[in-house]
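Colleague: You'll find data.cif just under this line, and it carries mmCIF, C-alpha atoms.
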data_work
loop_
_atom_site.label_atom_id
_atom_site.label_comp_id
_atom_site.auth_asym_id
_atom_site.auth_seq_id
_atom_site.Cartn_x
_atom_site.Cartn_y
_atom_site.Cartn_z
CA MET A 987 7.97 28.82 -11.00
CA ASP A 988 5.02 27.17 -9.29
CA PHE A 989 5.90 24.43 -6.81
CA LEU A 990 3.42 24.12 -3.97
CA PRO A 991 4.50 21.81 -1.11
CA VAL A 992 2.88 18.52 -2.17
CA PRO A 993 3.66 18.74 -5.92
CA ASN A 994 7.16 19.88 -4.97
CA GLY A 995 7.67 16.84 -2.73
CA ILE A 996 6.31 14.46 -5.37
CA ASP A 997 8.67 16.05 -7.90
CA TYR A 998 11.63 15.27 -5.61
CA LEU A 999 10.30 11.73 -5.20
CA SER A 1000 10.04 11.34 -8.96
CA GLU A 1001 13.69 12.35 -9.27
CA VAL A 1002 14.68 9.64 -6.78
CA VAL A 1003 12.89 6.98 -8.79
CA SER A 1004 14.39 8.16 -12.07
CA ARG A 1005 17.87 7.70 -10.56
CA LEU A 1006 17.31 4.25 -9.07
CA ALA A 1007 14.70 2.52 -11.27
CA ARG A 1008 17.22 0.78 -13.48
CA PRO A 1009 19.38 -2.39 -13.35
CA ASP A 1010 21.75 -2.40 -10.35
CA GLU A 1011 24.84 -2.36 -12.55
CA ASP A 1012 23.63 0.83 -14.23
CA VAL A 1013 23.14 2.77 -10.95
CA THR A 1014 26.25 4.92 -10.48
CA PRO A 1015 27.60 6.46 -7.26
CA ARG A 1016 26.48 9.81 -8.65
CA ASP A 1017 22.94 8.44 -9.05
CA LEU A 1018 23.00 7.32 -5.40
CA LYS A 1019 24.32 10.71 -4.31
CA TYR A 1020 21.46 12.62 -5.89
CA ALA A 1021 18.93 9.97 -4.91
CA VAL A 1022 19.85 10.49 -1.25
CA LEU A 1023 19.71 14.29 -1.56
CA HIS A 1024 16.34 14.26 -3.34
CA LEU A 1025 14.89 11.59 -1.05
CA GLN A 1026 15.73 13.63 2.03
CA ALA A 1027 14.22 16.72 0.40
CA ALA A 1028 11.08 14.78 -0.58
CA THR A 1029 10.68 13.43 2.95
CA GLU A 1030 11.07 16.83 4.60
CA VAL A 1031 8.70 18.59 2.20
CA LEU A 1032 5.97 15.93 2.31
CA VAL A 1033 6.11 15.44 6.08
CA LYS A 1034 5.80 19.20 6.62
CA ALA A 1035 3.01 19.39 4.02
CA ARG A 1036 1.05 16.97 6.21
CA LEU A 1037 1.78 19.08 9.31
CA GLN A 1038 0.61 22.15 7.40
CA ILE A 1039 -2.70 20.44 6.63
CA ALA A 1040 -3.22 19.88 10.35
CA HIS A 1041 -2.22 23.48 11.22
CA TRP A 1042 0.32 25.92 9.83
CA SER A 1043 1.93 26.51 13.24
CA LEU A 1044 3.13 22.89 13.40
CA VAL A 1045 5.65 23.60 10.63
CA VAL A 1046 7.27 26.46 12.58
CA LYS A 1047 10.23 25.74 14.86
CA ASP A 1048 9.22 28.34 17.49
CA VAL A 1049 5.66 29.58 17.04
CA SER A 1050 6.18 32.30 19.66
CA LYS A 1051 8.47 34.06 17.17
CA CYS A 1052 6.16 33.71 14.18
CA THR A 1053 2.85 35.19 13.06
CA LYS A 1054 0.50 33.91 10.37
CA GLU A 1055 1.53 36.85 8.21
CA LYS A 1056 5.22 35.93 8.50
CA TYR A 1057 4.36 32.31 7.81
CA ASP A 1058 2.49 33.20 4.61
CA GLU A 1059 5.51 35.22 3.48
CA GLY A 1060 7.90 32.35 4.29
CA LYS A 1061 9.75 34.45 6.89
CA PHE A 1062 10.23 31.80 9.57
CA GLU A 1063 12.50 28.94 10.62
CA SER A 1064 10.87 25.55 10.21
CA ALA A 1065 11.13 22.61 12.59
CA THR A 1066 13.78 19.96 12.02
CA ILE A 1067 12.76 16.74 10.29
CA ALA A 1068 13.16 14.82 13.58
CA GLU A 1069 10.88 17.27 15.39
CA SER A 1070 8.43 17.20 12.49
CA MET A 1071 8.20 13.41 12.70
CA ARG A 1072 7.60 13.68 16.45
CA ARG A 1073 4.80 16.20 15.91
CA LEU A 1074 3.12 13.92 13.36
CA VAL A 1075 2.84 11.27 16.07
CA ASP A 1076 2.39 13.27 19.30
CA VAL A 1077 0.35 16.22 18.01
CA VAL A 1078 -1.43 15.06 14.85
CA GLY A 1079 -1.79 11.50 16.11
CA LEU A 1080 -0.59 9.60 13.05
CA PRO A 1081 0.41 5.93 13.51
CA ILE A 1082 4.05 6.17 12.47
CA GLU A 1083 6.31 3.33 13.57
CA LYS A 1084 9.44 4.08 15.58
CA SER A 1085 11.49 2.18 12.98
CA ASP A 1086 10.27 4.57 10.26
CA SER A 1087 11.21 7.64 12.31
CA GLU A 1088 14.64 6.14 12.96
CA ALA A 1089 15.13 5.40 9.24
CA VAL A 1090 14.31 9.02 8.36
CA GLU A 1091 16.72 10.25 11.04
CA GLU A 1092 19.53 8.01 9.72
CA LEU A 1093 18.96 9.20 6.17
CA GLY A 1094 19.21 12.79 7.41
CA LYS A 1095 22.60 12.06 8.94
CA LEU A 1096 23.71 10.41 5.72
CA ARG A 1097 22.57 13.42 3.71
CA ASN A 1098 24.44 15.83 6.00
CA ARG A 1099 27.67 13.86 5.70
CA LEU A 1100 27.25 13.69 1.94
CA GLN A 1101 26.40 17.34 1.43
CA HIS A 1102 28.75 19.02 3.92
CA TRP A 1103 31.69 16.71 4.52
CA GLY A 1104 31.80 14.23 1.69
CA LEU A 1105 30.97 10.55 2.04
CA GLN A 1106 32.86 7.28 1.78
CA GLU A 1107 30.46 4.41 2.39
CA THR A 1108 29.46 1.07 0.88
CA VAL A 1109 26.86 1.17 -1.86
CA ALA A 1110 24.88 -1.57 -0.10
CA LEU A 1111 24.49 0.49 3.09
CA VAL A 1112 23.43 3.63 1.23
CA GLU A 1113 20.92 1.67 -0.86
CA LYS A 1114 19.47 -0.05 2.22
CA GLN A 1115 18.96 3.21 4.12
CA ALA A 1116 17.43 4.89 1.08
CA ALA A 1117 15.13 1.92 0.45
CA SER A 1118 13.85 1.97 4.04
CA VAL A 1119 12.90 5.64 3.80
CA LEU A 1120 11.44 5.22 0.33
CA ASP A 1121 9.27 2.39 1.66
CA PHE A 1122 8.05 4.64 4.49
CA LEU A 1123 7.47 7.61 2.21
CA MET A 1124 5.38 5.66 -0.30
CA ARG A 1125 3.14 4.42 2.51
CA PHE A 1126 2.99 7.87 4.07
CA VAL A 1127 1.93 9.53 0.82
CA ASP A 1128 -0.74 6.93 0.01
CA GLU A 1129 -2.17 6.51 3.52
CA GLN A 1130 -1.61 9.79 5.35
CA LEU A 1131 -1.18 12.56 2.80
CA ILE A 1132 -3.21 11.98 -0.37
CA PRO A 1133 -6.46 11.18 1.54
CA GLU A 1134 -6.24 14.67 3.10
CA LEU A 1135 -6.09 16.49 -0.25
CA GLY A 1136 -8.96 17.83 -2.33
CA GLU A 1137 -10.21 15.97 -5.39
CA GLU A 1138 -8.74 18.51 -7.81
CA GLN A 1139 -5.29 18.32 -6.23
CA ILE A 1140 -5.39 14.50 -6.15
CA ALA A 1141 -6.31 14.44 -9.83
CA SER A 1142 -3.43 16.75 -10.70
CA LEU A 1143 -0.94 14.46 -8.91
CA GLN A 1144 -2.31 11.17 -10.20
CA GLY A 1145 -0.22 10.98 -13.38
CA GLU A 1146 3.14 11.57 -11.71
CA MET A 1147 2.29 9.33 -8.74
CA ASN A 1148 1.39 6.49 -11.12
CA LEU A 1149 4.82 6.86 -12.72
CA VAL A 1150 6.44 6.81 -9.27
CA ARG A 1151 4.47 3.71 -8.19
CA HIS A 1152 5.45 1.94 -11.39
CA GLY A 1153 9.07 3.03 -11.12
CA VAL A 1154 9.69 1.89 -7.54
CA ARG A 1155 8.91 -1.69 -8.55
CA LYS A 1156 12.13 -1.61 -10.60
CA ILE A 1157 14.27 -0.68 -7.58
CA GLY A 1158 15.63 -3.98 -6.26
CA THR A 1159 16.49 -2.87 -2.72
CA TYR A 1160 13.11 -1.14 -2.36
CA VAL A 1161 11.24 -4.27 -3.45
CA GLU A 1162 13.26 -6.47 -1.08
CA THR A 1163 12.74 -4.06 1.83
CA ARG A 1164 9.00 -3.80 1.25
CA ARG A 1165 8.60 -7.57 0.82
CA ALA A 1166 10.47 -8.27 4.05
CA ARG A 1167 8.31 -5.85 6.03
CA LEU A 1168 5.08 -7.18 4.51
CA ARG A 1169 5.95 -10.81 5.23
CA ASP A 1170 5.98 -9.99 8.93
CA GLU A 1171 3.10 -7.50 8.78
CA LEU A 1172 0.74 -9.80 6.87
CA LYS A 1173 1.69 -13.18 8.34
CA GLU A 1174 -1.48 -13.32 10.49
CA ARG A 1175 -3.57 -12.74 7.35
CA ALA A 1176 -1.60 -14.95 4.97
CA ASP A 1177 -4.59 -17.28 4.50
CA ARG A 1178 -6.54 -14.35 3.01
CA THR A 1179 -3.65 -12.83 1.06
CA VAL A 1180 -3.54 -13.42 -2.71
CA ARG A 1181 -1.34 -12.16 -5.53
CA CYS A 1182 -2.17 -8.60 -6.53
CA LEU A 1183 -3.51 -8.28 -10.06
CA SER A 1184 -1.70 -4.97 -10.49
CA CYS A 1185 1.83 -5.51 -9.14
CA HIS A 1186 1.75 -9.35 -8.91
CA GLU A 1187 3.06 -9.31 -5.33
CA TRP A 1188 1.66 -11.60 -2.61
CA ALA A 1189 0.22 -8.63 -0.73
CA LEU A 1190 -3.46 -8.28 -1.65
CA VAL A 1191 -5.53 -8.94 1.47
CA VAL A 1192 -9.13 -9.99 0.81
CA ASP A 1193 -11.34 -8.06 3.23
CA GLN A 1194 -15.06 -7.81 3.90
CA GLU A 1195 -14.98 -4.07 3.24
CA ASP A 1196 -12.45 -3.18 0.54
CA SER A 1197 -9.59 -5.47 -0.43
CA LYS A 1198 -6.23 -3.73 -0.72
CA CYS A 1199 -2.74 -4.54 -1.93
CA HIS A 1200 -0.24 -3.56 0.75
CA PHE A 1201 2.59 -3.41 -1.77
CA CYS A 1202 1.25 -1.08 -4.46
CA SER A 1203 -1.68 0.31 -2.39
CA ARG A 1204 -4.33 -0.40 -5.02
CA ALA A 1205 -7.80 -0.96 -3.53
CA TRP A 1206 -10.46 -3.26 -4.99
CA GLY A 1207 -14.20 -3.65 -4.54
CA SER A 1208 -15.27 -7.27 -4.01
CA GLY A 1209 -17.10 -7.63 -7.35
CA GLN A 1210 -14.36 -5.83 -9.27
CA LEU A 1211 -11.69 -8.03 -7.69
CA ALA A 1212 -13.58 -11.28 -8.30
CA TYR A 1213 -14.10 -10.68 -12.01
CA ALA A 1214 -10.61 -9.28 -12.51
CA TYR A 1215 -9.13 -12.27 -10.70
CA GLU A 1216 -11.02 -14.68 -12.92
CA GLU A 1217 -9.49 -13.09 -16.03
CA SER A 1218 -5.98 -12.71 -14.62
CA PHE A 1219 -2.90 -14.90 -14.50
CA GLU A 1220 -4.57 -17.09 -11.84
CA SER A 1221 -6.63 -20.15 -12.81
CA GLY A 1222 -9.41 -19.46 -10.32
CA THR A 1223 -12.90 -19.04 -11.71
CA ILE A 1224 -16.18 -17.48 -10.63
CA ALA A 1225 -18.42 -19.75 -12.66
CA ASP A 1226 -18.24 -22.41 -15.34
CA GLU A 1227 -20.63 -24.75 -17.08
CA VAL A 1228 -21.12 -26.74 -13.88
CA ALA A 1229 -21.98 -24.22 -11.18
CA SER A 1230 -22.60 -20.53 -10.48
CA GLY A 1231 -20.30 -18.38 -8.38
CA ASP A 1232 -22.78 -17.54 -5.60
CA CYS A 1233 -21.17 -17.77 -2.17
CA PRO A 1234 -23.00 -20.26 0.12
CA GLU A 1235 -22.31 -17.94 3.07
CA CYS A 1236 -23.22 -14.42 1.88
CA TRP A 1237 -24.90 -15.31 -1.48
CA ASN A 1238 -22.86 -12.75 -3.41
CA ARG A 1239 -21.58 -13.78 -6.83
CA THR A 1240 -17.97 -13.45 -5.77
CA LEU A 1241 -17.03 -17.03 -4.91
CA ILE A 1242 -13.73 -17.95 -6.54
CA ILE A 1243 -12.93 -21.60 -7.03
CA GLU A 1244 -9.28 -22.67 -6.68
CA VAL A 1245 -7.59 -19.61 -5.21
CA ARG A 1246 -3.93 -19.60 -4.22
CA THR A 1247 -2.95 -17.73 -1.04
CA ALA A 1248 0.32 -16.60 0.52
CA SER A 1249 -0.05 -19.15 3.33
CA ALA A 1250 0.05 -22.06 0.87
CA PRO A 1251 0.82 -20.83 -2.68
CA ASP A 1252 1.04 -24.38 -4.07
CA GLN A 1253 -2.40 -25.36 -2.83
CA ARG A 1254 -5.75 -24.20 -4.10
CA ILE A 1255 -8.75 -23.29 -1.97
CA ASP A 1256 -12.20 -21.82 -2.53
CA MET A 1257 -12.76 -18.26 -1.23
CA CYS A 1258 -15.45 -15.61 -1.36
CA PHE A 1259 -14.09 -12.16 -2.22
CA THR A 1260 -16.98 -10.44 -0.41
CA CYS A 1261 -17.23 -12.13 3.01
CA ALA A 1262 -13.63 -13.47 2.87
CA GLU A 1263 -14.81 -16.95 3.92
CA VAL A 1264 -12.61 -19.89 2.96
CA PHE A 1265 -14.35 -23.17 2.10
CA THR A 1266 -13.21 -26.78 2.03
CA GLY A 1267 -15.26 -29.55 0.50
CA LEU A 1268 -17.69 -27.51 -1.59
CA ARG A 1269 -20.02 -29.51 -3.83
CA VAL A 1270 -22.37 -28.65 -6.66
CA CYS A 1271 -26.12 -28.93 -6.05
CA THR A 1272 -28.57 -30.16 -8.69
CA CYS A 1273 -29.64 -26.51 -9.04
CA SER A 1274 -26.03 -25.67 -10.07
CA GLU A 1275 -25.22 -23.77 -6.85
CA TRP A 1276 -22.10 -24.40 -4.81
CA PHE A 1277 -22.88 -25.59 -1.28
CA LEU A 1278 -21.09 -26.92 1.79
CA PRO A 1279 -22.57 -30.31 2.70
CA ARG A 1280 -23.80 -30.86 6.26
CA ALA A 1281 -24.17 -34.44 7.49
CA GLU A 1282 -25.45 -36.49 4.52
CA GLU A 1283 -26.97 -33.61 2.55
CA ASP A 1284 -26.73 -33.94 -1.23
CA ILE A 1285 -28.42 -30.64 -2.08
CA CYS A 1286 -28.02 -27.04 -0.93
CA ARG A 1287 -30.01 -25.41 1.88
CA ARG A 1288 -32.05 -23.39 -0.61
CA CYS A 1289 -33.26 -26.57 -2.31
CA ILE A 1290 -33.93 -28.21 1.05
CA ASP A 1291 -36.01 -25.21 2.18
CA LEU A 1292 -37.87 -25.18 -1.13
CA TYR A 1293 -38.56 -28.92 -0.84
CA MET A 1294 -39.88 -28.45 2.71
CA GLU A 1295 -42.16 -25.61 1.62
CA MET A 1296 -43.55 -27.68 -1.25
CA SER A 1297 -44.12 -30.67 1.08
CA GLN A 1298 -45.98 -28.53 3.60
CA ALA A 1299 -48.07 -26.93 0.87
CA GLY A 1300 -48.94 -30.35 -0.54
#
Can you present the structure in this file as structure tokens?

Modeller:
Amino acid sequence: MDFLPVPNGIDYLSEVVSRLARPDEDVTPRDLKYAVLHLQAATEVLVKARLQIAHWSLVVKDVSKCTKEKYDEGKFESATIAESMRRLVDVVGLPIEKSDSEAVEELGKLRNRLQHWGLQETVALVEKQAASVLDFLMRFVDEQLIPELGEEQIASLQGEMNLVRHGVRKIGTYVETRRARLRDELKERADRTVRCLSCHEWALVVDQEDSKCHFCSRAWGSGQLAYAYEESFESGTIADEVASGDCPECWNRTLIIEVRTASAPDQRIDMCFTCAEVFTGLRVCTCSEWFLPRAEEDICRRCIDLYMEMSQAG
């Protein structure tokens, strides 16, 4: 057997998804039982794997009773999941929300009742608690754990993580939980949020650096996003027979005409996927460039400057 901490945690996570990624009527109480057990195991393993990356002693309950040799041999008592979450915030300095820590704690209580005393509870409550932790864990893996791994280890996990990311989209309560959190989290950036080309959720925030979907975590370069968007389910376009797709603000060829955003999905605007500028009233110059008219201008600034240079030269 060869299960190192991170692959072991991802394996537990994969088991959760395999139990829940099916129509609601096909998810049995037994599926929920093992989903809760495996989700708690995945959370504990992956959280402690991140602590281990920071320093091995952070995994140990009482470091005064443990040596590195004992740690390497597995002869120690590890910290509780609640204490491990606290150390991630207070010692490692990770930005974990209080609501996420509370969700993990509640799932732990649910697991203990289920495993040691039996459990009689509504399916809706169990699914909601599991979905909240699953939402946290997916973000934690993508944002706090995977970036700390080596390239070889990331490559070895990529296949299974892709299956997990695809599978969670079929879990109704997970999707609802993640959507609800993102509506609040992204509301200040709704005017720059478009539908993701990968998961089709309204969660892809156009940014001057790298655009990222906050639902499926896929990142996009500005040029890659612009051309992929043009060929996707959206009707926006970079260029047509009338004008080029050069942005009048940053001059990159990533201006998309008629984009729909989360702030007004039924309206269409013009947006640059490099500088994230939104334009209203763009016109086409005689040189076939898009431009934003100022005063009574009928041509773009480039043509005006060129005309001025030619006049001065003449």

Colleague: Could you list, as a ChimeraX atom specification, every residue matched by the PyMOL selection byres ((chain A and resi 990-1005) around 7) in this structure?

Modeller: /A:988-989,1006-1007,1017,1021,1024-1025,1027-1028,1031-1032,1035,1143,1150,1153-1154

Colleague: What does the structure give for the distance between atom CA of Arg1099 of chain A and atom CA of Leu1018 of chain A, in Å to one decimal?

Modeller: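 One can read the atom CA of Arg1099 of chain A to atom CA of Leu1018 of chain A distance as 13.7 Å.
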
Colleague: Which is closer to Phe1201 of chain A than all the others in A:Met1124, A:Met1257, A:Ala1176, A:Met1294, using only C-alpha atoms?

Modeller: A:Met1124

Colleague: What separation in Å, quoted to one decimal, exists between atom CA of Asp1076 of chain A and atom CA of Lys1198 of chain A?

Modeller: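 It comes out at 27.6 Å.
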
Colleague: Quick one: pull the distance between atom CA of Phe1126 of chain A and atom CA of Gln1139 of chain A, Å, one decimal.

Modeller: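 Computing it gives 16.8 Å between the two atoms.
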
Colleague: List, as a PyMOL selection string, every residue that the PyMOL selection byres ((chain A and resi 1259-1263) around 12) selects in the file provided.

Modeller: chain A and resi 1175+1177-1180+1190-1198+1206-1216+1222-1224+1231-1243+1245+1255-1258+1264-1266+1278

Colleague: Hey, what comes out of the PyMOL selection byres ((chain A and resi 1169) around 12) on this file? Could you write it as a list of chain:residue names?

Modeller: A:Glu1162, A:Thr1163, A:Arg1164, A:Arg1165, A:Ala1166, A:Arg1167, A:Leu1168, A:Asp1170, A:Glu1171, A:Leu1172, A:Lys1173, A:Glu1174, A:Arg1175, A:Ala1176, A:Thr1179, A:Glu1187, A:Trp1188, A:Ala1189, A:Leu1190, A:His1200, A:Phe1201, A:Ala1248, A:Ser1249

Colleague: Which is closest to Asn1148 of chain A among A:Ser1070, A:Ser1184, A:Thr1053, A:Thr1247, if we use all atoms listed in the file?

Modeller: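 Result for the nearest residue to Asn1148 of chain A: A:Ser1184.
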
Colleague: Any idea what's packed within 9 Å of Met1071 of chain A, counting all atoms listed in the file, ignoring anything in its chain fewer than 5 positions away? Could you give it as number ranges by chain?

Modeller: A: 1033-1034, 1066, 1076, 1082, 1087, 1090

Colleague: Write out, as a tab-separated table (two decimals), in the frame of the given file, the residues just selected, with C-alpha atoms.

Modeller:
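Output (result.tsv):
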chain	number	residue	atom	x	y	z
A	1033	VAL	CA	6.11	15.44	6.08
A	1034	LYS	CA	5.80	19.20	6.62
A	1066	THR	CA	13.78	19.96	12.02
A	1076	ASP	CA	2.39	13.27	19.30
A	1082	ILE	CA	4.05	6.17	12.47
A	1087	SER	CA	11.21	7.64	12.31
A	1090	VAL	CA	14.31	9.02	8.36

Colleague: Using all atoms listed in the file, what residues lie at most 7 Å away from (15.1, 0.4, -2.6) (file coordinates), given as a PyMOL selection string?

Modeller: chain A and resi 1113-1114+1116-1118+1120+1157-1161+1163

Colleague: Tell me which of A:Cys1286, A:Val1013, A:Cys1185, A:Ala1068 sits closest to Arg1155 of chain A, counting all atoms listed in the file.

Modeller: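 Ranking A:Cys1286, A:Val1013, A:Cys1185, A:Ala1068 by distance to Arg1155 of chain A, first place goes to A:Cys1185.
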
Colleague: My list of candidates is A:Phe1122, A:Ser1043, A:Gly1267, A:Lys1019. Which is closest to Ser1085 of chain A when distances are computed with all atoms listed in the file?

Modeller: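 Looking at the shortest contact to Ser1085 of chain A, the residue is A:Phe1122.
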
Colleague: Counting all atoms listed in the file, which residue out of A:Gln1038, A:Lys1084, A:Lys1056, A:Gly1079 sits closest to Leu1135 of chain A?

Modeller: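 Going through A:Gln1038, A:Lys1084, A:Lys1056, A:Gly1079 one by one, the smallest distance to Leu1135 of chain A is for A:Gln1038.
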
Colleague: Ranking A:Arg1036, A:His1152, A:His1041, A:Cys1271 by minimum distance to Glu1134 of chain A and counting only C-alpha atoms, which one comes first?

Modeller: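 Looking only at the distances to Glu1134 of chain A, the closest residue turns out to be A:Arg1036.
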
Colleague: Which residues are near Asp1048 of chain A? Cut-off 10 Å, all atoms listed in the file, ignore same chain within fewer than 6 positions. Put them as number ranges by chain.

Modeller: A: 1062-1065
